[in-house]
$ cat structure-v3.pdb   # PDB, C-alpha atoms
ATOM      1  CA  MET A  29       0.000   0.000   0.000
ATOM      2  CA  SER A  30       2.762   2.358   0.950
ATOM      3  CA  THR A  31       4.715   1.442  -2.188
ATOM      4  CA  LYS A  32       1.719   2.227  -4.418
ATOM      5  CA  LEU A  33       1.248   5.615  -2.780
ATOM      6  CA  THR A  34       4.914   6.421  -3.196
ATOM      7  CA  ARG A  35       4.812   5.504  -6.871
ATOM      8  CA  ARG A  36       1.637   7.510  -7.381
ATOM      9  CA  ALA A  37       3.201  10.539  -5.677
ATOM     10  CA  ALA A  38       6.245  10.189  -7.883
ATOM     11  CA  VAL A  39       4.098  10.103 -11.014
ATOM     12  CA  VAL A  40       2.049  13.111  -9.902
ATOM     13  CA  GLY A  41       5.218  14.938  -8.972
ATOM     14  CA  GLY A  42       6.739  14.145 -12.348
ATOM     15  CA  VAL A  43       3.665  15.411 -14.164
ATOM     16  CA  SER A  44       3.825  18.615 -12.086
ATOM     17  CA  VAL A  45       7.448  19.165 -13.028
ATOM     18  CA  LEU A  46       6.677  18.593 -16.706
ATOM     19  CA  ALA A  47       3.728  20.984 -16.501
ATOM     20  CA  ALA A  48       5.883  23.629 -14.870
ATOM     21  CA  GLY A  49       8.515  23.153 -17.542
ATOM     22  CA  ALA A  50       5.943  23.358 -20.302
ATOM     23  CA  SER A  51       4.645  26.630 -18.890
ATOM     24  CA  LEU A  52       7.997  28.376 -19.177
ATOM     25  CA  PRO A  53       7.857  29.055 -22.940
ATOM     26  CA  ALA A  54       4.321  30.416 -22.545
ATOM     27  CA  ASN A  55       5.532  32.827 -19.872
ATOM     28  CA  ALA A  56       8.431  33.862 -22.079
ATOM     29  CA  GLN A  57       6.083  34.507 -24.968
ATOM     30  CA  ALA A  58       3.991  36.781 -22.735
ATOM     31  CA  LYS A  59       6.895  39.253 -22.825
ATOM     32  CA  PRO A  60       7.979  39.386 -26.481
ATOM     33  CA  LYS A  61      11.256  40.864 -27.622
ATOM     34  CA  MET A  62      10.737  43.928 -29.806
ATOM     35  CA  ARG A  63      13.658  45.119 -31.861
ATOM     36  CA  PHE A  64      13.483  48.848 -32.479
ATOM     37  CA  SER A  65      15.127  50.722 -35.378
ATOM     38  CA  CYS A  66      15.605  54.453 -35.935
ATOM     39  CA  ALA A  67      17.798  56.863 -37.895
ATOM     40  CA  PHE A  68      18.845  59.071 -34.979
ATOM     41  CA  PRO A  69      21.679  58.440 -32.490
ATOM     42  CA  GLU A  70      21.235  57.511 -28.846
ATOM     43  CA  THR A  71      22.122  61.101 -27.883
ATOM     44  CA  ASP A  72      19.011  62.442 -29.645
ATOM     45  CA  MET A  73      16.126  63.684 -27.484
ATOM     46  CA  ARG A  74      13.805  61.226 -29.201
ATOM     47  CA  ALA A  75      15.982  58.419 -27.864
ATOM     48  CA  GLU A  76      15.283  59.684 -24.341
ATOM     49  CA  ALA A  77      11.551  59.534 -25.046
ATOM     50  CA  TYR A  78      11.787  56.017 -26.448
ATOM     51  CA  LYS A  79      13.751  54.912 -23.396
ATOM     52  CA  ALA A  80      11.040  56.373 -21.146
ATOM     53  CA  PHE A  81       8.415  54.555 -23.200
ATOM     54  CA  ALA A  82      10.394  51.296 -22.971
ATOM     55  CA  ALA A  83      10.776  51.664 -19.196
ATOM     56  CA  ALA A  84       7.017  52.117 -18.828
ATOM     57  CA  MET A  85       6.438  48.968 -20.924
ATOM     58  CA  LYS A  86       9.178  46.844 -19.327
ATOM     59  CA  ASP A  87       6.703  44.388 -17.799
ATOM     60  CA  ASP A  88       5.088  43.783 -21.191
ATOM     61  CA  ILE A  89       7.855  43.871 -23.814
ATOM     62  CA  GLU A  90      11.614  43.447 -24.051
ATOM     63  CA  PHE A  91      12.809  46.571 -25.863
ATOM     64  CA  GLU A  92      15.970  46.019 -27.957
ATOM     65  CA  PRO A  93      17.010  49.333 -29.576
ATOM     66  CA  TYR A  94      19.216  49.846 -32.613
ATOM     67  CA  TRP A  95      20.058  53.535 -32.906
ATOM     68  CA  ASN A  96      21.547  55.346 -35.895
ATOM     69  CA  ASN A  97      20.383  52.787 -38.489
ATOM     70  CA  THR A  98      22.714  50.100 -37.153
ATOM     71  CA  LEU A  99      20.171  47.344 -37.901
ATOM     72  CA  PHE A 100      18.445  48.599 -41.061
ATOM     73  CA  LYS A 101      19.346  51.409 -43.443
ATOM     74  CA  GLN A 102      17.227  54.528 -43.473
ATOM     75  CA  GLY A 103      14.244  54.008 -45.745
ATOM     76  CA  THR A 104      14.198  50.201 -45.441
ATOM     77  CA  GLU A 105      12.500  49.922 -42.044
ATOM     78  CA  LEU A 106       8.955  49.763 -43.412
ATOM     79  CA  VAL A 107       9.683  46.701 -45.540
ATOM     80  CA  ALA A 108      11.412  45.127 -42.528
ATOM     81  CA  LEU A 109       8.230  45.635 -40.503
ATOM     82  CA  GLN A 110       6.125  44.135 -43.263
ATOM     83  CA  ARG A 111       8.379  41.078 -43.517
ATOM     84  CA  ASP A 112       8.396  40.602 -39.727
ATOM     85  CA  ASN A 113      12.137  41.219 -39.621
ATOM     86  CA  LEU A 114      11.510  44.143 -37.265
ATOM     87  CA  GLU A 115       8.944  44.722 -34.532
ATOM     88  CA  LEU A 116       9.129  48.439 -33.666
ATOM     89  CA  CYS A 117      10.191  51.406 -35.730
ATOM     90  CA  ASN A 118      10.447  55.193 -35.735
ATOM     91  CA  LEU A 119       8.980  55.445 -39.236
ATOM     92  CA  ALA A 120       9.150  58.480 -41.529
ATOM     93  CA  PRO A 121       5.718  59.312 -43.013
ATOM     94  CA  ALA A 122       7.463  59.815 -46.366
ATOM     95  CA  ASP A 123       8.302  56.095 -46.354
ATOM     96  CA  ILE A 124       4.618  55.287 -45.949
ATOM     97  CA  SER A 125       3.762  57.599 -48.841
ATOM     98  CA  LYS A 126       5.976  55.526 -51.149
ATOM     99  CA  GLN A 127       3.425  52.731 -50.869
ATOM    100  CA  ILE A 128       0.307  54.791 -50.147
ATOM    101  CA  PRO A 129       0.287  57.928 -52.353
ATOM    102  CA  ALA A 130      -2.512  59.491 -50.269
ATOM    103  CA  TRP A 131      -0.032  59.817 -47.377
ATOM    104  CA  SER A 132       1.928  62.365 -49.424
ATOM    105  CA  LEU A 133      -0.534  64.921 -48.049
ATOM    106  CA  LEU A 134       0.875  64.284 -44.575
ATOM    107  CA  THR A 135       4.409  64.938 -45.826
ATOM    108  CA  SER A 136       3.571  68.215 -47.562
ATOM    109  CA  ALA A 137       5.159  71.479 -46.547
ATOM    110  CA  TYR A 138       3.262  73.957 -44.366
ATOM    111  CA  LEU A 139       0.484  71.460 -43.522
ATOM    112  CA  PHE A 140       0.702  71.348 -39.701
ATOM    113  CA  ARG A 141       0.898  74.565 -37.711
ATOM    114  CA  ASN A 142       2.463  73.161 -34.514
ATOM    115  CA  TYR A 143       2.600  70.035 -32.349
ATOM    116  CA  ALA A 144      -0.900  70.510 -30.954
ATOM    117  CA  HIS A 145      -2.318  70.675 -34.489
ATOM    118  CA  LEU A 146      -0.315  67.592 -35.485
ATOM    119  CA  LYS A 147      -1.563  65.537 -32.530
ATOM    120  CA  LYS A 148      -5.174  66.656 -32.929
ATOM    121  CA  THR A 149      -5.080  65.740 -36.609
ATOM    122  CA  PHE A 150      -4.050  62.129 -35.989
ATOM    123  CA  ALA A 151      -6.640  61.825 -33.206
ATOM    124  CA  SER A 152      -9.379  63.175 -35.492
ATOM    125  CA  PRO A 153     -11.533  61.183 -37.947
ATOM    126  CA  VAL A 154      -9.395  62.271 -40.904
ATOM    127  CA  GLY A 155      -6.223  61.196 -39.103
ATOM    128  CA  LYS A 156      -7.745  57.858 -38.125
ATOM    129  CA  ASP A 157      -8.618  57.280 -41.775
ATOM    130  CA  PHE A 158      -4.933  57.603 -42.694
ATOM    131  CA  ILE A 159      -3.933  55.234 -39.882
ATOM    132  CA  LYS A 160      -6.516  52.724 -41.132
ATOM    133  CA  MET A 161      -5.010  52.970 -44.634
ATOM    134  CA  ALA A 162      -1.642  51.935 -43.207
ATOM    135  CA  ARG A 163      -3.205  49.063 -41.283
ATOM    136  CA  ASP A 164      -5.240  47.777 -44.236
ATOM    137  CA  GLN A 165      -2.770  48.361 -47.060
ATOM    138  CA  LEU A 166       0.616  47.915 -45.363
ATOM    139  CA  GLY A 167      -0.195  45.478 -42.576
ATOM    140  CA  ILE A 168       1.362  47.622 -39.826
ATOM    141  CA  GLU A 169      -0.047  49.373 -36.777
ATOM    142  CA  VAL A 170       0.743  53.101 -36.705
ATOM    143  CA  ILE A 171       0.464  54.237 -33.085
ATOM    144  CA  ARG A 172       1.036  57.989 -33.035
ATOM    145  CA  PRO A 173       3.261  60.846 -34.235
ATOM    146  CA  VAL A 174       6.698  61.394 -32.688
ATOM    147  CA  TYR A 175       7.406  65.128 -32.832
ATOM    148  CA  PHE A 176      10.908  66.534 -33.104
ATOM    149  CA  GLY A 177      10.470  70.240 -33.818
ATOM    150  CA  ALA A 178       9.956  72.396 -36.887
ATOM    151  CA  ARG A 179      12.339  71.760 -39.773
ATOM    152  CA  GLN A 180      14.527  74.769 -40.520
ATOM    153  CA  VAL A 181      17.018  75.459 -43.307
ATOM    154  CA  ASN A 182      20.673  75.381 -42.190
ATOM    155  CA  LEU A 183      23.280  76.555 -44.713
ATOM    156  CA  LYS A 184      27.024  76.643 -45.111
ATOM    157  CA  PRO A 185      27.133  79.545 -47.665
ATOM    158  CA  ASP A 186      26.732  82.994 -46.122
ATOM    159  CA  LYS A 187      23.901  83.991 -48.436
ATOM    160  CA  LYS A 188      20.830  85.885 -47.206
ATOM    161  CA  ILE A 189      17.643  83.888 -47.788
ATOM    162  CA  ASN A 190      14.298  85.684 -47.838
ATOM    163  CA  THR A 191      12.170  83.948 -50.495
ATOM    164  CA  PRO A 192      12.266  80.603 -52.360
ATOM    165  CA  ALA A 193      13.996  82.381 -55.257
ATOM    166  CA  ASP A 194      17.020  82.888 -52.988
ATOM    167  CA  MET A 195      17.325  79.103 -52.584
ATOM    168  CA  ALA A 196      18.004  78.578 -56.311
ATOM    169  CA  GLY A 197      21.173  76.520 -56.817
ATOM    170  CA  ILE A 198      21.493  75.603 -53.131
ATOM    171  CA  LYS A 199      22.371  71.892 -52.786
ATOM    172  CA  LEU A 200      20.156  71.031 -49.843
ATOM    173  CA  ARG A 201      20.560  67.617 -48.288
ATOM    174  CA  MET A 202      17.325  65.684 -48.122
ATOM    175  CA  PRO A 203      16.817  62.037 -47.176
ATOM    176  CA  PRO A 204      16.623  59.611 -50.103
ATOM    177  CA  GLY A 205      13.175  59.121 -51.627
ATOM    178  CA  GLU A 206      10.896  60.935 -54.041
ATOM    179  CA  PHE A 207       8.807  62.767 -51.466
ATOM    180  CA  TRP A 208      11.797  63.992 -49.439
ATOM    181  CA  GLN A 209      13.412  65.207 -52.629
ATOM    182  CA  PHE A 210      10.253  67.035 -53.640
ATOM    183  CA  LEU A 211      10.123  68.693 -50.230
ATOM    184  CA  GLY A 212      13.489  70.255 -51.068
ATOM    185  CA  GLU A 213      12.159  71.426 -54.420
ATOM    186  CA  SER A 214       9.064  72.883 -52.758
ATOM    187  CA  ILE A 215      11.175  75.441 -50.916
ATOM    188  CA  GLY A 216      13.203  76.346 -53.996
ATOM    189  CA  ALA A 217      16.354  74.277 -53.364
ATOM    190  CA  ASN A 218      18.280  71.697 -55.377
ATOM    191  CA  PRO A 219      17.688  68.565 -53.226
ATOM    192  CA  THR A 220      20.591  66.124 -52.833
ATOM    193  CA  PRO A 221      20.100  62.691 -51.206
ATOM    194  CA  VAL A 222      22.474  61.960 -48.321
ATOM    195  CA  ALA A 223      21.971  59.545 -45.404
ATOM    196  CA  PHE A 224      21.603  61.242 -42.023
ATOM    197  CA  ALA A 225      24.656  59.463 -40.594
ATOM    198  CA  GLU A 226      26.797  60.871 -43.447
ATOM    199  CA  LEU A 227      25.472  64.422 -43.317
ATOM    200  CA  TYR A 228      28.138  66.066 -41.131
ATOM    201  CA  THR A 229      30.885  64.957 -43.500
ATOM    202  CA  ALA A 230      28.842  66.006 -46.533
ATOM    203  CA  LEU A 231      28.496  69.518 -45.116
ATOM    204  CA  GLN A 232      32.150  69.618 -44.129
ATOM    205  CA  THR A 233      33.401  68.623 -47.582
ATOM    206  CA  GLY A 234      30.915  70.739 -49.532
ATOM    207  CA  THR A 235      29.062  67.780 -51.038
ATOM    208  CA  VAL A 236      25.971  69.703 -49.960
ATOM    209  CA  ASP A 237      25.453  73.383 -49.131
ATOM    210  CA  GLY A 238      23.003  72.804 -46.347
ATOM    211  CA  GLN A 239      20.472  70.625 -44.598
ATOM    212  CA  ASP A 240      16.999  70.936 -43.133
ATOM    213  CA  ASN A 241      16.288  69.508 -39.712
ATOM    214  CA  PRO A 242      14.848  70.809 -36.452
ATOM    215  CA  LEU A 243      17.280  73.015 -34.548
ATOM    216  CA  VAL A 244      17.642  70.578 -31.663
ATOM    217  CA  SER A 245      18.716  67.796 -34.023
ATOM    218  CA  ALA A 246      21.158  70.159 -35.736
ATOM    219  CA  LYS A 247      22.760  70.985 -32.383
ATOM    220  CA  THR A 248      22.895  67.317 -31.335
ATOM    221  CA  MET A 249      24.666  66.417 -34.575
ATOM    222  CA  LYS A 250      26.917  69.521 -34.318
ATOM    223  CA  PHE A 251      25.969  70.744 -37.800
ATOM    224  CA  ASP A 252      26.620  74.294 -36.600
ATOM    225  CA  GLU A 253      30.340  73.446 -36.618
ATOM    226  CA  VAL A 254      30.298  73.228 -40.420
ATOM    227  CA  THR A 255      27.613  75.826 -41.319
ATOM    228  CA  THR A 256      27.119  79.590 -40.992
ATOM    229  CA  GLN A 257      23.380  80.265 -40.671
ATOM    230  CA  PHE A 258      19.926  79.018 -39.735
ATOM    231  CA  VAL A 259      16.953  80.254 -41.756
ATOM    232  CA  LEU A 260      13.721  79.806 -39.776
ATOM    233  CA  THR A 261      11.487  78.686 -42.620
ATOM    234  CA  SER A 262       9.480  76.316 -40.359
ATOM    235  CA  HIS A 263       8.413  74.578 -43.550
ATOM    236  CA  VAL A 264       7.560  71.267 -41.898
ATOM    237  CA  ILE A 265       6.519  70.325 -38.393
ATOM    238  CA  GLY A 266       9.003  67.505 -37.992
ATOM    239  CA  TYR A 267       7.529  64.178 -36.978
ATOM    240  CA  ASP A 268       7.842  60.457 -37.512
ATOM    241  CA  MET A 269       5.415  57.683 -36.592
ATOM    242  CA  LEU A 270       5.797  55.032 -33.922
ATOM    243  CA  ALA A 271       4.898  51.887 -35.862
ATOM    244  CA  VAL A 272       4.566  48.224 -34.879
ATOM    245  CA  SER A 273       4.600  45.168 -37.130
ATOM    246  CA  LYS A 274       1.320  43.300 -37.506
ATOM    247  CA  LYS A 275       2.748  40.162 -35.899
ATOM    248  CA  ALA A 276       4.236  42.021 -32.934
ATOM    249  CA  TRP A 277       1.013  43.963 -32.385
ATOM    250  CA  ALA A 278      -1.035  40.745 -32.444
ATOM    251  CA  SER A 279       1.306  39.217 -29.843
ATOM    252  CA  LEU A 280       0.066  41.751 -27.291
ATOM    253  CA  LYS A 281      -3.145  41.295 -25.333
ATOM    254  CA  PRO A 282      -5.806  44.026 -25.734
ATOM    255  CA  ALA A 283      -4.921  45.446 -22.323
ATOM    256  CA  GLN A 284      -1.247  45.588 -23.298
ATOM    257  CA  GLN A 285      -2.107  47.289 -26.587
ATOM    258  CA  ALA A 286      -4.117  49.910 -24.694
ATOM    259  CA  LYS A 287      -1.268  50.375 -22.240
ATOM    260  CA  LEU A 288       1.215  50.801 -25.082
ATOM    261  CA  ARG A 289      -0.879  53.609 -26.564
ATOM    262  CA  VAL A 290      -1.190  55.370 -23.207
ATOM    263  CA  GLU A 291       2.513  55.110 -22.393
ATOM    264  CA  ALA A 292       3.436  56.286 -25.895
ATOM    265  CA  ASP A 293       1.233  59.347 -25.393
ATOM    266  CA  ASN A 294       2.841  60.040 -22.022
ATOM    267  CA  ALA A 295       6.409  59.694 -23.303
ATOM    268  CA  PHE A 296       6.034  61.642 -26.532
ATOM    269  CA  ASP A 297       3.813  64.423 -25.153
ATOM    270  CA  ALA A 298       6.499  65.066 -22.542
ATOM    271  CA  SER A 299       9.173  64.944 -25.233
ATOM    272  CA  ALA A 300       7.277  67.450 -27.408
ATOM    273  CA  ALA A 301       7.061  69.950 -24.551
ATOM    274  CA  LYS A 302      10.774  69.523 -23.955
ATOM    275  CA  TYR A 303      11.532  70.067 -27.649
ATOM    276  CA  ASP A 304       9.694  73.382 -27.711
ATOM    277  CA  ALA A 305      11.557  74.609 -24.625
ATOM    278  CA  VAL A 306      14.958  73.418 -25.793
ATOM    279  CA  GLU A 307      14.371  74.873 -29.287
ATOM    280  CA  LYS A 308      14.179  78.373 -27.818
ATOM    281  CA  ASP A 309      17.397  77.797 -25.895
ATOM    282  CA  THR A 310      19.042  76.395 -29.026
ATOM    283  CA  ILE A 311      18.341  79.557 -31.006
ATOM    284  CA  GLU A 312      20.123  81.580 -28.337
ATOM    285  CA  TYR A 313      22.996  79.087 -28.317
ATOM    286  CA  PHE A 314      23.521  79.386 -32.080
ATOM    287  CA  LYS A 315      23.449  83.170 -31.880
ATOM    288  CA  LYS A 316      26.078  83.150 -29.135
ATOM    289  CA  GLU A 317      28.190  80.847 -31.332
ATOM    290  CA  GLY A 318      28.148  83.567 -33.980
ATOM    291  CA  LYS A 319      25.644  81.898 -36.310
ATOM    292  CA  LYS A 320      23.080  83.993 -38.144
ATOM    293  CA  VAL A 321      19.542  83.039 -37.133
ATOM    294  CA  TYR A 322      16.636  84.857 -38.774
ATOM    295  CA  THR A 323      13.114  84.437 -40.156
ATOM    296  CA  PRO A 324      12.568  84.840 -43.928
ATOM    297  CA  ASP A 325       9.303  85.731 -45.679
ATOM    298  CA  GLN A 326       7.383  82.627 -44.565
ATOM    299  CA  ASN A 327       4.254  83.653 -46.491
ATOM    300  CA  ALA A 328       6.260  83.642 -49.723
ATOM    301  CA  PHE A 329       7.621  80.179 -48.890
ATOM    302  CA  ARG A 330       4.168  78.881 -47.906
ATOM    303  CA  THR A 331       2.492  80.096 -51.106
ATOM    304  CA  PHE A 332       5.284  78.684 -53.285
ATOM    305  CA  ALA A 333       5.347  75.301 -51.526
ATOM    306  CA  GLN A 334       1.622  74.667 -51.291
ATOM    307  CA  LYS A 335       1.082  75.378 -54.969
ATOM    308  CA  LYS A 336       3.804  72.921 -55.952
ATOM    309  CA  TYR A 337       2.315  70.208 -53.741
ATOM    310  CA  VAL A 338      -1.256  70.664 -54.921
ATOM    311  CA  ASP A 339      -0.139  70.715 -58.564
ATOM    312  CA  LYS A 340       1.892  67.511 -58.254
ATOM    313  CA  TYR A 341       0.139  65.409 -55.623
ATOM    314  CA  GLY A 342      -3.297  66.907 -55.103
ATOM    315  CA  ASN A 343      -5.017  64.215 -57.194
ATOM    316  CA  ASP A 344      -3.620  61.509 -54.880
ATOM    317  CA  TRP A 345      -5.075  63.075 -51.746
ATOM    318  CA  PRO A 346      -8.446  61.992 -50.328
ATOM    319  CA  LYS A 347     -11.081  64.489 -51.353
ATOM    320  CA  GLY A 348     -11.578  67.146 -48.700
ATOM    321  CA  ALA A 349      -8.753  65.856 -46.442
ATOM    322  CA  LEU A 350      -6.633  68.996 -46.787
ATOM    323  CA  GLU A 351      -9.584  71.207 -45.927
ATOM    324  CA  LYS A 352     -10.482  69.043 -42.914
ATOM    325  CA  ILE A 353      -6.921  69.253 -41.574
ATOM    326  CA  ASN A 354      -6.827  73.008 -42.099
ATOM    327  CA  ALA A 355     -10.109  73.347 -40.175
ATOM    328  CA  ILE A 356      -8.779  71.563 -37.050
ATOM    329  CA  LYS A 357      -8.206  74.118 -34.299
TER     330      LYS A 357
END

$ encode --input "structure-v3.pdb" --output "structure tokens"
Amino acid sequence: MSTKLTRRAAVVGGVSVLAAGASLPANAQAKPKMRFSCAFPETDMRAEAYKAFAAAMKDDIEFEPYWNNTLFKQGTELVALQRDNLELCNLAPADISKQIPAWSLLTSAYLFRNYAHLKKTFASPVGKDFIKMARDQLGIEVIRPVYFGARQVNLKPDKKINTPADMAGIKLRMPPGEFWQFLGESIGANPTPVAFAELYTALQTGTVDGQDNPLVSAKTMKFDEVTTQFVLTSHVIGYDMLAVSKKAWASLKPAQQAKLRVEADNAFDASAAKYDAVEKDTIEYFKKEGKKVYTPDQNAFRTFAQKKYVDKYGNDWPKGALEKINAIK
């Protein structure tokens, strides 16, 4: 009798051990690894925001960052998401527009007035329609915009810029891709494709005459060391999109998905406020460094740019979308 009980206990104990062992992979799967790719370096303010986001999500995902395009080249991240070779990405809206022409509206110059307008747009019905396009047509989940300041023109030549006509002949670095290149054209420049990681050297050697990025990014990358002036065109409210692959998004429970959205809002709203404050300080820093910082005729730039966009891409845009975005207060 005692022997039977002992054997039975051993069998039950063995089954318990096997069950415990079998549960380990399930527990591991509950916290998926998410590789993250971006074009900016770890010193960028956006990296701080992503780290804050990752810390808030540490119980739900394992965040594995690859800064400065060390995992995928700039412009290839979207395809990596679609092929499930990447889980998380700081995705340029221009990359989305390569596959969804309607998204070219969201890359057009002088569309968003400021961060508040940008955020309200993506939270509005028209913004949700664009996010649904990405979900349905690309198979990715676009979470929200990641703001990084207004894009400003930064030049090496000491030439006064007041209207788009003054930009004629200026070799302005723009990221590779049709829509980035057209953005350069829309402000009167001669756009030249150069990867972000190679931009400092390109400015230093004269491969390009200038670049357009938010002032904070320009300071982080020390572009002021190889340029003479900053022209406050404010032609684009700089933003990317936090995007998740379809497979990675599906691996999260509904509660985790909701938490991810909330924590993304918390991290990137705080980052946006910091950008606006630091941008003001950065202008003063550049002036003290002896750089010229001034505002050109923005109305002349706006009129020139919007006409070029409507003429070239207006037929691709959803009917009434531009007017709806303009009406958001």

$ atom_distance --input "structure-v3.pdb" --atom1 "CA of Gln232 in chain A" --atom2 "CA of Ser245 in chain A"
16.9 Å

$ closest_residue --input "structure-v3.pdb" --among "A:Ala193, A:Val154, A:Pro69, A:Leu146" --to "Lys347 in chain A" --atoms "only C-alpha atoms"
A:Val154

$ residues_around --input "structure-v3.pdb" --residues "Thr135 in chain A" --least-positions-apart "4" --cutoff "7 Å" --atoms "only C-alpha atoms" --output "ChimeraX atom specification"
/A:121-122,131

$ axis_aligned_box --input "structure-v3.pdb" --around "range 281-294 of chain A" --padding-each-side "6 Å" --output "AutoDock Vina command-line options"
--center_x -1.2 --center_y 50.7 --center_z -24.3 --size_x 21.2 --size_y 30.7 --size_z 16.6

$ resolve_selection --input "structure-v3.pdb" --expression "the PyMOL selection byres ((chain A and resi 346) around 12)" --output "list in words"
Ile128, Pro129, Ala130, Trp131, Ser132, Leu133, Leu134, Val154, Gly155, Asp157, Phe158, Met161, Tyr341, Gly342, Asn343, Asp344, Trp345, Lys347, Gly348, Ala349, Leu350, Glu351, Lys352 and Ile353 of chain A

$ residues_around --input "structure-v3.pdb" --residues "Ala300 in chain A" --least-positions-apart "3" --cutoff "12 Å" --atoms "only C-alpha atoms" --output "PyMOL selection string"
chain A and resi 73-74+76-77+142-144+146-147+173-178+244+265-267+292-297+303-307

$ closest_residue --input "structure-v3.pdb" --among "A:Gln257, A:Thr98, A:Lys86, A:Pro282" --to "Phe64 in chain A" --atoms "all atoms listed in the file"
A:Thr98

$ closest_residue --input "structure-v3.pdb" --among "A:Arg111, A:Phe332, A:Ala225, A:Val272" --to "Met249 in chain A" --atoms "all atoms listed in the file"
A:Ala225

$ residues_near_point --input "structure-v3.pdb" --point "(31.9, 64.6, -43.1)" --cutoff "12 Å" --atoms "all atoms listed in the file" --output "mmCIF file with C-alpha atoms, keeping the file's coordinate frame"
data_model
loop_
_atom_site.group_PDB
_atom_site.id
_atom_site.type_symbol
_atom_site.label_atom_id
_atom_site.label_comp_id
_atom_site.auth_asym_id
_atom_site.auth_seq_id
_atom_site.Cartn_x
_atom_site.Cartn_y
_atom_site.Cartn_z
ATOM 1 C CA VAL A 222 22.474 61.960 -48.321
ATOM 2 C CA ALA A 223 21.971 59.545 -45.404
ATOM 3 C CA PHE A 224 21.603 61.242 -42.023
ATOM 4 C CA ALA A 225 24.656 59.463 -40.594
ATOM 5 C CA GLU A 226 26.797 60.871 -43.447
ATOM 6 C CA LEU A 227 25.472 64.422 -43.317
ATOM 7 C CA TYR A 228 28.138 66.066 -41.131
ATOM 8 C CA THR A 229 30.885 64.957 -43.500
ATOM 9 C CA ALA A 230 28.842 66.006 -46.533
ATOM 10 C CA LEU A 231 28.496 69.518 -45.116
ATOM 11 C CA GLN A 232 32.150 69.618 -44.129
ATOM 12 C CA THR A 233 33.401 68.623 -47.582
ATOM 13 C CA GLY A 234 30.915 70.739 -49.532
ATOM 14 C CA THR A 235 29.062 67.780 -51.038
ATOM 15 C CA VAL A 236 25.971 69.703 -49.960
ATOM 16 C CA MET A 249 24.666 66.417 -34.575
ATOM 17 C CA LYS A 250 26.917 69.521 -34.318
ATOM 18 C CA PHE A 251 25.969 70.744 -37.800
ATOM 19 C CA GLU A 253 30.340 73.446 -36.618
ATOM 20 C CA VAL A 254 30.298 73.228 -40.420
#

$ closest_residue --input "structure-v3.pdb" --among "A:Ile189, A:Gly238, A:Lys101, A:Arg289" --to "Ala271 in chain A" --atoms "only C-alpha atoms"
A:Arg289

$ residues_around --input "structure-v3.pdb" --residues "Glu90 in chain A" --least-positions-apart "2" --cutoff "6 Å" --atoms "all atoms listed in the file" --output "list in words"
Pro60, Lys61 and Met62 of chain A

$ residues_near_point --input "structure-v3.pdb" --point "(13.1, 79.9, -58.4)" --cutoff "10 Å" --atoms "all atoms listed in the file" --output "VMD selection string"
chain A and resid 191 to 197 213 to 217 332

$ closest_residue --input "structure-v3.pdb" --among "A:Glu92, A:Leu116, A:His263, A:Pro153" --to "Glu169 in chain A" --atoms "only C-alpha atoms"
A:Leu116

$ atom_distance --input "structure-v3.pdb" --atom1 "CA of Arg201 in chain A" --atom2 "CA of Ser262 in chain A"
16.2 Å

$ closest_residue --input "structure-v3.pdb" --among "A:Val181, A:Ala278, A:Ala67, A:Leu119" --to "Asn96 in chain A" --atoms "only C-alpha atoms"
A:Ala67

$ atom_distance --input "structure-v3.pdb" --atom1 "CA of Lys156 in chain A" --atom2 "CA of Ile168 in chain A"
13.8 Å

$ residues_around --input "structure-v3.pdb" --residues "Asn113 in chain A" --least-positions-apart "3" --cutoff "9 Å" --atoms "only C-alpha atoms" --output "PDB file with C-alpha atoms, in the frame of the given file"
ATOM      1  CA  ARG A  63      13.658  45.119 -31.861  1.00  0.00           C
ATOM      2  CA  VAL A 107       9.683  46.701 -45.540  1.00  0.00           C
ATOM      3  CA  ALA A 108      11.412  45.127 -42.528  1.00  0.00           C
ATOM      4  CA  LEU A 109       8.230  45.635 -40.503  1.00  0.00           C
ATOM      5  CA  GLN A 110       6.125  44.135 -43.263  1.00  0.00           C
ATOM      6  CA  SER A 273       4.600  45.168 -37.130  1.00  0.00           C
TER       7      SER A 273
END

$ decode --input "structure-v3.pdb" --residues "range 343-347 of chain A" --atoms "N, CA, C and O atoms" --output "compact mmCIF listing (two decimals), in the first residue's frame"
# COMPACT_ATOMS: atom_id res chain seq x y z
N ASN A 343 -4.10 65.26 -56.71
CA ASN A 343 -5.02 64.21 -57.19
C ASN A 343 -4.92 62.92 -56.40
O ASN A 343 -5.83 62.08 -56.44
N ASP A 344 -3.80 62.72 -55.69
CA ASP A 344 -3.62 61.51 -54.88
C ASP A 344 -4.27 61.64 -53.51
O ASP A 344 -4.46 60.63 -52.81
N TRP A 345 -4.58 62.85 -53.10
CA TRP A 345 -5.08 63.07 -51.75
C TRP A 345 -6.57 62.78 -51.64
O TRP A 345 -7.33 63.08 -52.58
N PRO A 346 -7.01 62.22 -50.52
CA PRO A 346 -8.45 61.99 -50.33
C PRO A 346 -9.21 63.31 -50.44
O PRO A 346 -8.77 64.33 -49.91
N LYS A 347 -10.31 63.27 -51.12
CA LYS A 347 -11.08 64.49 -51.35
C LYS A 347 -11.51 65.13 -50.03
O LYS A 347 -12.08 64.48 -49.16
